[in-house]
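Below you'll find the structure, written out as structure tokens, and then a few comments.
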Amino acid sequence: MKFTSAYEPGEFEPDIYAAWEAADEFLPGGSVEASKGVYAEESPSTYSIVMPPPNANGNLHIGHGLTIATEDSLIRYHRLKGDFTWYIPGADHAGFETWVVYERVLEAQKHTRFEYSREELYAQVWDFVQEQRGNMELQVRALGASCSWKDLTFTLDENVVRRVYDTFQKMWNDGMIYRGEKLVNYCTKHQTAFADIEVEHEEEKGKLWDIAYPYDGGEIVVSTTRPETLFGDTAVAVNPEDKRYKDLIGKTVRLPLTDRNIPVIADEHADPEYGTGAVKITPAHDNDDFEVGERHNLPRIQVISFEGKMLPNCGPEYEGLTTKDCRKKVLKDLKEANLLRGERDIVHSVAHCYKCGTVIEPMLKEQWFIDVKKLAKTAIEHLEADEIKFYPSSKKQVLINYLKGLKDWNISRQIPWGIAIPMFKKVDGDEWIFDARTNLSEIEIGGERYIRDEDTFDTWFSSSHWPIVCTNWEEGAPNPYYPLNVMETGADILFAWVARMIMMGLYVTGEVPFREVYLHGLVLDAHGQKMSKSKGNVINPMELVSKYGSDAFRLGILRGRSAGMNQAFSEQSVVSGRNLCNKLWNISRFIQEMVDQSGGVKDPLEYTSDNMGEDWILREINEAKWQVESQMEHYRFSEAVETLHSLIWDKYADWFLESQKLYKNSSLLQNTLEAILKMLHPFAPFVTEAIWQNLSWTEGMLISAKWPSDFKYDPMSAEEFERLMDIVSHTRSTLQGLSEAYKGISSSDTNMLYGDDSIVDDNSLLIQYLCRVKAVISTEGEPRGLRLAIANSEIYLDVSEDAVAAYADLLEKRIMKIGRELDALNMRMMNPNYVDKAPAELVKETQDAIAEKQGLIERLKTERAAI
RNA sequence: GGAUCCUUAGCUCAGUUGGCUAGAGCGUACGAUUCACAUUCGUAAGGUCAGAGGUUCAAGCCCUCUAGGAUCCACCA
């Protein structure tokens, strides 16, 4: 006997995973060749998913847990269905994320990045990541991901870099890449630029100061939240419609604390309603001002350094101050100069570095940009042609709207950890050339020396190639795994990643990179709060896995989750998953015992005609299977889990197995259990495989078994069993009611009497067992006790008249309830429009229901009359 | 400011093209107990489907408005 009384996940999970992996079960069709497009059979159906690569040096968080549970259940389902499934794992160098971590490591060692060359740093981080990397991969395994490890792609792998360079070169040749001096979102702590999407805006309390800029015969008062940037002012703008300032347009005013004069210009940007209606223009340190500057050809004066300190051009008193200190000093000096006119509290949103929270400084910097017009336009066309189906569907339009307003994409990052930008600048001159030899910092072509750009690519630029590189897509070569069947990822990176994969997929391959997109929402804590370290409500998936098992975690996290929604998650749902695993384990243990009693070998499916429960469970399994198929098709994981939970627990165990305690049809038990194991396998791979391996008659591995085919059964017989279930439920309920109403009634002391009823007659033993009554006896024409209100039957509980009397109140309540239901139905039928316009089928159903309820009430009234 | 989504049992959520007598898990109450499982079994209570209108024979579902919440985008001198 290999079945212990409780399932212990830890005893089985590591060995089972190792066995799958050793048997190459994770490869498409189970062979290396198939992943390369070489098949034994003619064009098999394929199914591919790429894993959004977890950070190579990190630990998995709850979001990864959801990702893997979702993707792996799809993969396993399709594998059982016979598809050549390819689930390609990845590891992300996570450019900036990892860099932040590594900078802390350096800091701890009392070093800084500025002591090393770019190459040295790259090599150091590479080693650091390789050391850490195994951790993440072990955790992905612990979650049961049936991904093809032989195809693991690291985002800095050679083939990735090659593909990224190819694309970049193509874009360069197509004139889509340009170098521009623009304002970038700059973090002065990390000393790198960010894409707009990487910047977090937060509402903050701030102050709006009014500062007087004097001129001969007066002053103009400007409003600003950033007085320290006044050294970079190159104009004051007023709205052209603003009568207050009309006469000042074109005049010059004195810039306070300096000896510079700047012009007053007219620009729509100035909002007459806001502040004083006059605004200082600092093109080098403000996004809007930059645009105003472009419109009016204003000089751009950078006054803040990349370290976040004031530059010498601010004057010796201010040079070297941080922006914060400088603001204080400027305000103090303005006050002393009697130029500060006002100060008020405001709430405004301020951009912060999403990693360290430092205020983002818009800075002038030469960067590489991608002109996204064509990319976005093509993507929109394909989206509008419905080439990609979205779950939830609303996200498609959200994405289109985003693409319509997309600005040019800054792909330069000033961190060493990433793919080097393959651009070199002529030493003597301004010319830039493309060259893939980024291992060299300097190259020579035709006697000219070129120096490589120090920057690296934005990670999203390389990540946008993910479906292409993971499936080994090559121009002109057929590839059954591209486009992917589905891209499953978090709704929060719809813009950052999904949008860019679509643009890049179309640009490189001419095809959309995936046919469907399933987006999951955030996993919130049990109270619907976002998980965060500072709140201390972070749930570690690995802790849950070690406590309850991988399957329990997977079942728990998929429960109550639907596409695109941020939803709560609690340990409780994992407990419920664990219980289901244990239930299935014990079902199997019990079946194995029964099979052992009848020889322990595998029998072909047989079913006997005298047990309706067998027909019924075969029907229920068929129906559950069809439901799960449809639910998987529509990414309704939560419902699929519920369907299976209900099948296994409420139907298979509570009714079928209970009835089998009397009938023991060994071959049927075997065949139905196998079907159930297969159906639950996508969600709970370990326990189902563990059972499969423990059962005496099964062969091979469950992971690569075939999805069950339909069972044949007798539908009449299955329906009859439902009647039996009705009788049993009703009896139990009535007995419970009786025992609560009248002390001394217990089911085991009560006899069930029946009149002319073939179902009871044929199944008296089963009914006796399921109802736990003393005996089921024919009335022999002498009914007594309480008659049960069950359609088409004559069944009594043999209890005293006093007990029946005590039960009267409950009975009355039930009659009332059914009466109300009957009234509602009658109302419906009395409406001529309903009878006219509703489908005939429905009207018939209503009529039947009325007849049934009338009959029921009659019988209940008889019960009452008998009291 | 713009957009999207959400509001259903005590809690967390399902509810597909309108047909519902609104479901599940957990929790609660009552009862059971050698015989697969206490990670168990049985029974029950619990809902004006956020509010107000509208369309329809019929609305949790479709439309309009209102209130509350979440997220994203843009902007805020």
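Every chain in the structure tokens takes a letter, A first, then B, and so on in the order presented; its residues are numbered from 1, and the ligands are numbered from 1 following the presented order.
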
>> Write out as a ChimeraX atom specification the set of residues from stretch 271-392 of chain A that DSSP, computed on the backbone, places in strand (DSSP E or B).
In response: /A:278-281,304,309-310,322,340-353,359,361-370,389-391

What does the file look like for those residues with C-alpha atoms, as a PDB file, in the first residue's frame?
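Saved result, part_33.pdb, follows:
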ATOM      1  CA  ALA A 278       2.772  84.793 -16.157  1.00  0.00           C
ATOM      2  CA  VAL A 279       5.190  81.912 -16.282  1.00  0.00           C
ATOM      3  CA  LYS A 280       8.972  81.698 -16.356  1.00  0.00           C
ATOM      4  CA  ILE A 281      10.327  79.602 -19.198  1.00  0.00           C
ATOM      5  CA  ILE A 304      21.580  71.592 -12.929  1.00  0.00           C
ATOM      6  CA  LYS A 309      23.910  70.031  -8.219  1.00  0.00           C
ATOM      7  CA  MET A 310      23.786  73.620  -9.427  1.00  0.00           C
ATOM      8  CA  THR A 322      21.809  70.685  -4.315  1.00  0.00           C
ATOM      9  CA  LEU A 340       9.108  87.563  -3.393  1.00  0.00           C
ATOM     10  CA  ARG A 341       5.481  88.527  -3.849  1.00  0.00           C
ATOM     11  CA  GLY A 342       3.567  85.581  -2.603  1.00  0.00           C
ATOM     12  CA  GLU A 343       3.498  81.976  -1.510  1.00  0.00           C
ATOM     13  CA  ARG A 344       0.584  79.543  -1.482  1.00  0.00           C
ATOM     14  CA  ASP A 345       0.071  75.848  -0.840  1.00  0.00           C
ATOM     15  CA  ILE A 346      -0.847  73.680  -3.784  1.00  0.00           C
ATOM     16  CA  VAL A 347      -1.159  70.011  -4.568  1.00  0.00           C
ATOM     17  CA  HIS A 348       0.574  68.943  -7.738  1.00  0.00           C
ATOM     18  CA  SER A 349       1.911  65.714  -9.107  1.00  0.00           C
ATOM     19  CA  VAL A 350       5.627  65.212  -9.070  1.00  0.00           C
ATOM     20  CA  ALA A 351       7.604  62.673 -11.077  1.00  0.00           C
ATOM     21  CA  HIS A 352       9.683  60.219  -9.082  1.00  0.00           C
ATOM     22  CA  CYS A 353      12.181  57.533  -9.902  1.00  0.00           C
ATOM     23  CA  VAL A 359      12.481  63.458  -7.892  1.00  0.00           C
ATOM     24  CA  GLU A 361      14.799  65.967 -13.148  1.00  0.00           C
ATOM     25  CA  PRO A 362      14.007  66.737 -16.762  1.00  0.00           C
ATOM     26  CA  MET A 363      17.445  67.098 -18.321  1.00  0.00           C
ATOM     27  CA  LEU A 364      18.822  67.940 -21.697  1.00  0.00           C
ATOM     28  CA  LYS A 365      20.657  64.986 -23.058  1.00  0.00           C
ATOM     29  CA  GLU A 366      21.683  63.523 -26.353  1.00  0.00           C
ATOM     30  CA  GLN A 367      19.934  60.198 -26.686  1.00  0.00           C
ATOM     31  CA  TRP A 368      18.876  57.683 -29.280  1.00  0.00           C
ATOM     32  CA  PHE A 369      15.233  57.824 -30.196  1.00  0.00           C
ATOM     33  CA  ILE A 370      12.995  55.633 -32.277  1.00  0.00           C
ATOM     34  CA  LYS A 389      -7.899  38.680 -29.373  1.00  0.00           C
ATOM     35  CA  PHE A 390      -7.707  40.248 -25.931  1.00  0.00           C
ATOM     36  CA  TYR A 391      -8.820  38.917 -22.573  1.00  0.00           C
TER      37      TYR A 391
END

Please check the contacts: residues of chain A at most 7 Å away from chain B, using only C-alpha atoms (C1' of nucleotides), listed as a PDB file with C-alpha atoms, in the first residue's frame.
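So the final result, stored in selection-v4.pdb, reads:
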ATOM      1  CA  SER A 223       4.333  81.911 -10.528  1.00  0.00           C
ATOM      2  CA  THR A 224       6.591  78.923 -10.067  1.00  0.00           C
ATOM      3  CA  THR A 225       7.036  75.787  -8.000  1.00  0.00           C
ATOM      4  CA  VAL A 279       5.190  81.912 -16.282  1.00  0.00           C
ATOM      5  CA  LYS A 280       8.972  81.698 -16.356  1.00  0.00           C
ATOM      6  CA  HIS A 348       0.574  68.943  -7.738  1.00  0.00           C
ATOM      7  CA  VAL A 398      -7.079  50.834 -24.381  1.00  0.00           C
ATOM      8  CA  GLY A 560     -11.746  33.563  -7.906  1.00  0.00           C
ATOM      9  CA  ALA A 568      -7.598  39.612  -3.401  1.00  0.00           C
ATOM     10  CA  GLN A 572      -7.466  30.386   2.930  1.00  0.00           C
ATOM     11  CA  ASN A 579      -7.975  19.968   0.889  1.00  0.00           C
ATOM     12  CA  ASN A 582      -6.025  15.447  -0.125  1.00  0.00           C
ATOM     13  CA  LYS A 583      -9.566  14.500  -1.057  1.00  0.00           C
ATOM     14  CA  ASN A 586      -8.026   9.590  -0.472  1.00  0.00           C
ATOM     15  CA  ILE A 587     -10.470   8.874  -3.249  1.00  0.00           C
ATOM     16  CA  ARG A 589      -6.509   5.353  -1.941  1.00  0.00           C
ATOM     17  CA  PHE A 590     -10.014   4.025  -1.488  1.00  0.00           C
ATOM     18  CA  SER A 733     -33.272  17.188   5.242  1.00  0.00           C
ATOM     19  CA  GLN A 736     -32.660  16.760  10.298  1.00  0.00           C
ATOM     20  CA  GLU A 821     -42.674  30.401  -6.154  1.00  0.00           C
ATOM     21  CA  ASN A 833     -47.395  38.920 -23.881  1.00  0.00           C
ATOM     22  CA  TYR A 834     -45.184  36.333 -22.230  1.00  0.00           C
ATOM     23  CA  LYS A 837     -43.542  36.382 -27.318  1.00  0.00           C
ATOM     24  CA  ALA A 838     -41.372  34.123 -25.201  1.00  0.00           C
TER      25      ALA A 838
END

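Every protein or nucleic acid residue with an atom no more than 9 Å from A:Met487, counting only C-alpha atoms (C1' of nucleotides) and leaving out same-chain residues fewer than 4 positions away, appears here: Ile49, Val50, Met51, Pro52, Pro467, Val498, Pro513, Phe514, Arg515, Glu516, Val517, Tyr518 and Leu519 of chain A.
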
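You will find atom CA of A:Met542 at 16.7 Å from atom CA of A:Pro685.
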
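In this structure, atom CA of A:Val574 sits 22.7 Å away from atom CA of A:Ile703.
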
>> as JSON, numbers by chain, please: every residue in stretch 520-605 of chain A that a backbone DSSP assignment puts in helix (DSSP H, G or I).
In response: {"A": [541, 542, 543, 544, 545, 546, 547, 548, 550, 551, 552, 553, 554, 555, 556, 557, 558, 571, 572, 573, 574, 575, 576, 577, 578, 579, 580, 581, 582, 583, 584, 585, 586, 587, 588, 589, 590, 591, 592, 593, 594, 595, 596, 597]}

Once you have the residues from the selection above, write them out as a CSV table (one decimal), in the first residue's frame, restricted to N, CA and C atoms.
chain,number,residue,atom,x,y,z
A,541,PRO,N,5.1,33.3,-2.4
A,541,PRO,CA,4.5,32.1,-3.0
A,541,PRO,C,5.3,30.8,-2.5
A,542,MET,N,6.6,30.9,-2.3
A,542,MET,CA,7.4,29.8,-2.0
A,542,MET,C,7.0,29.2,-0.6
A,543,GLU,N,6.7,30.2,0.3
A,543,GLU,CA,6.3,29.7,1.7
A,543,GLU,C,5.0,28.9,1.6
A,544,LEU,N,4.1,29.4,0.7
A,544,LEU,CA,2.8,28.6,0.6
A,544,LEU,C,3.1,27.3,0.0
A,545,VAL,N,4.0,27.3,-1.0
A,545,VAL,CA,4.3,26.0,-1.7
A,545,VAL,C,4.8,25.0,-0.7
A,546,SER,N,5.7,25.5,0.2
A,546,SER,CA,6.4,24.5,1.1
A,546,SER,C,5.4,24.1,2.2
A,547,LYS,N,4.5,25.0,2.5
A,547,LYS,CA,3.5,24.7,3.6
A,547,LYS,C,2.4,23.8,3.1
A,548,TYR,N,1.8,24.1,1.9
A,548,TYR,CA,0.7,23.3,1.4
A,548,TYR,C,0.9,22.5,0.1
A,550,SER,N,2.7,22.6,-4.0
A,550,SER,CA,2.6,23.4,-5.2
A,550,SER,C,1.2,23.4,-5.8
A,551,ASP,N,0.5,22.2,-5.8
A,551,ASP,CA,-0.8,22.1,-6.4
A,551,ASP,C,-1.8,23.0,-5.6
A,552,ALA,N,-1.7,23.0,-4.3
A,552,ALA,CA,-2.6,23.7,-3.5
A,552,ALA,C,-2.5,25.2,-3.8
A,553,PHE,N,-1.2,25.6,-4.0
A,553,PHE,CA,-1.0,27.0,-4.3
A,553,PHE,C,-1.6,27.4,-5.7
A,554,ARG,N,-1.4,26.5,-6.7
A,554,ARG,CA,-1.9,26.7,-8.0
A,554,ARG,C,-3.4,26.8,-8.0
A,555,LEU,N,-4.0,25.8,-7.3
A,555,LEU,CA,-5.5,25.8,-7.3
A,555,LEU,C,-6.0,27.1,-6.5
A,556,GLY,N,-5.3,27.4,-5.5
A,556,GLY,CA,-5.7,28.6,-4.6
A,556,GLY,C,-5.6,29.9,-5.4
A,557,ILE,N,-4.5,30.0,-6.1
A,557,ILE,CA,-4.3,31.3,-6.8
A,557,ILE,C,-5.2,31.5,-8.0
A,558,LEU,N,-5.6,30.4,-8.6
A,558,LEU,CA,-6.5,30.5,-9.8
A,558,LEU,C,-8.0,30.7,-9.4
A,571,GLU,N,-4.4,33.0,2.1
A,571,GLU,CA,-3.9,31.7,2.4
A,571,GLU,C,-5.1,30.7,2.4
A,572,GLN,N,-6.3,31.2,2.8
A,572,GLN,CA,-7.5,30.4,2.9
A,572,GLN,C,-7.8,29.6,1.6
A,573,SER,N,-7.6,30.3,0.5
A,573,SER,CA,-7.9,29.7,-0.8
A,573,SER,C,-6.9,28.6,-1.1
A,574,VAL,N,-5.7,28.7,-0.6
A,574,VAL,CA,-4.6,27.7,-0.7
A,574,VAL,C,-5.0,26.5,0.1
A,575,VAL,N,-5.5,26.7,1.3
A,575,VAL,CA,-5.9,25.7,2.2
A,575,VAL,C,-7.0,24.8,1.5
A,576,SER,N,-8.0,25.6,0.9
A,576,SER,CA,-9.0,24.9,0.1
A,576,SER,C,-8.4,24.0,-1.0
A,577,GLY,N,-7.4,24.5,-1.7
A,577,GLY,CA,-6.7,23.7,-2.7
A,577,GLY,C,-6.1,22.5,-2.1
A,578,ARG,N,-5.4,22.7,-1.0
A,578,ARG,CA,-4.8,21.6,-0.3
A,578,ARG,C,-5.8,20.5,0.0
A,579,ASN,N,-6.9,20.9,0.5
A,579,ASN,CA,-8.0,20.0,0.9
A,579,ASN,C,-8.5,19.2,-0.3
A,580,LEU,N,-8.6,19.8,-1.4
A,580,LEU,CA,-9.0,19.1,-2.6
A,580,LEU,C,-8.0,18.1,-3.0
A,581,CYS,N,-6.7,18.4,-3.0
A,581,CYS,CA,-5.7,17.5,-3.3
A,581,CYS,C,-5.7,16.2,-2.4
A,582,ASN,N,-5.9,16.5,-1.1
A,582,ASN,CA,-6.0,15.4,-0.1
A,582,ASN,C,-7.3,14.6,-0.4
A,583,LYS,N,-8.3,15.2,-0.8
A,583,LYS,CA,-9.6,14.5,-1.1
A,583,LYS,C,-9.3,13.5,-2.2
A,584,LEU,N,-8.7,14.1,-3.3
A,584,LEU,CA,-8.5,13.2,-4.4
A,584,LEU,C,-7.5,12.1,-4.1
A,585,TRP,N,-6.6,12.4,-3.3
A,585,TRP,CA,-5.6,11.4,-2.8
A,585,TRP,C,-6.4,10.2,-2.1
A,586,ASN,N,-7.3,10.6,-1.2
A,586,ASN,CA,-8.0,9.6,-0.5
A,586,ASN,C,-9.0,8.9,-1.3
A,587,ILE,N,-9.6,9.5,-2.3
A,587,ILE,CA,-10.5,8.9,-3.2
A,587,ILE,C,-9.7,7.8,-3.9
A,588,SER,N,-8.5,8.1,-4.3
A,588,SER,CA,-7.6,7.2,-5.0
A,588,SER,C,-7.2,6.0,-4.1
A,589,ARG,N,-6.9,6.4,-2.9
A,589,ARG,CA,-6.5,5.4,-1.9
A,589,ARG,C,-7.6,4.3,-1.8
A,590,PHE,N,-8.8,4.9,-1.7
A,590,PHE,CA,-10.0,4.0,-1.5
A,590,PHE,C,-10.3,3.1,-2.7
A,591,ILE,N,-10.1,3.8,-3.9
A,591,ILE,CA,-10.4,3.0,-5.1
A,591,ILE,C,-9.3,1.9,-5.3
A,592,GLN,N,-8.1,2.2,-4.9
A,592,GLN,CA,-7.0,1.2,-5.0
A,592,GLN,C,-7.3,0.1,-4.1
A,593,GLU,N,-7.8,0.3,-2.9
A,593,GLU,CA,-8.2,-0.7,-2.0
A,593,GLU,C,-9.3,-1.6,-2.6
A,594,MET,N,-10.3,-1.0,-3.2
A,594,MET,CA,-11.3,-1.8,-3.8
A,594,MET,C,-10.8,-2.6,-5.0
A,595,VAL,N,-9.9,-2.0,-5.8
A,595,VAL,CA,-9.4,-2.7,-7.0
A,595,VAL,C,-8.5,-3.8,-6.5
A,596,ASP,N,-7.8,-3.6,-5.4
A,596,ASP,CA,-7.0,-4.7,-4.8
A,596,ASP,C,-7.8,-5.9,-4.5
A,597,GLN,N,-9.0,-5.6,-3.9
A,597,GLN,CA,-9.9,-6.7,-3.5
A,597,GLN,C,-10.4,-7.5,-4.7

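Picture a line from atom CA of A:Phe424 to atom CA of A:Tyr450; it runs 5.4 Å.
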
> Got a sec: who's within 9 Å of B:A50, counting only C-alpha atoms (C1' of nucleotides), leaving out chain neighbours fewer than 2 positions off, as a PyMOL selection string?
Replying inline: chain B and resi 7+67-68

>> I'd like the contact shell of stretch 624-630 of chain A - 7 Å cut-off, only C-alpha atoms (C1' of nucleotides), skipping same-chain residues fewer than 4 positions apart - returned as a list in words.
In response: Glu620, His634, Ala640, Thr643, Leu644 and Leu647 of chain A

May I have the selected residues written with C-alpha atoms, as a short mmCIF file (atom, residue, chain, number, x, y, z; two decimals), in the first residue's frame?
data_model
loop_
_atom_site.label_atom_id
_atom_site.label_comp_id
_atom_site.auth_asym_id
_atom_site.auth_seq_id
_atom_site.Cartn_x
_atom_site.Cartn_y
_atom_site.Cartn_z
CA GLU A 620 -21.41 13.96 -15.06
CA HIS A 634 -12.10 31.13 -22.95
CA ALA A 640 -12.69 25.32 -14.63
CA THR A 643 -16.20 22.65 -12.19
CA LEU A 644 -13.58 20.07 -11.28
CA LEU A 647 -17.18 17.04 -9.93
#

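Closest approach to B:A52 from the set B:U17, B:U28, B:U64, B:U8 is made by B:U64, with distances taken over only C-alpha atoms (C1' of nucleotides).
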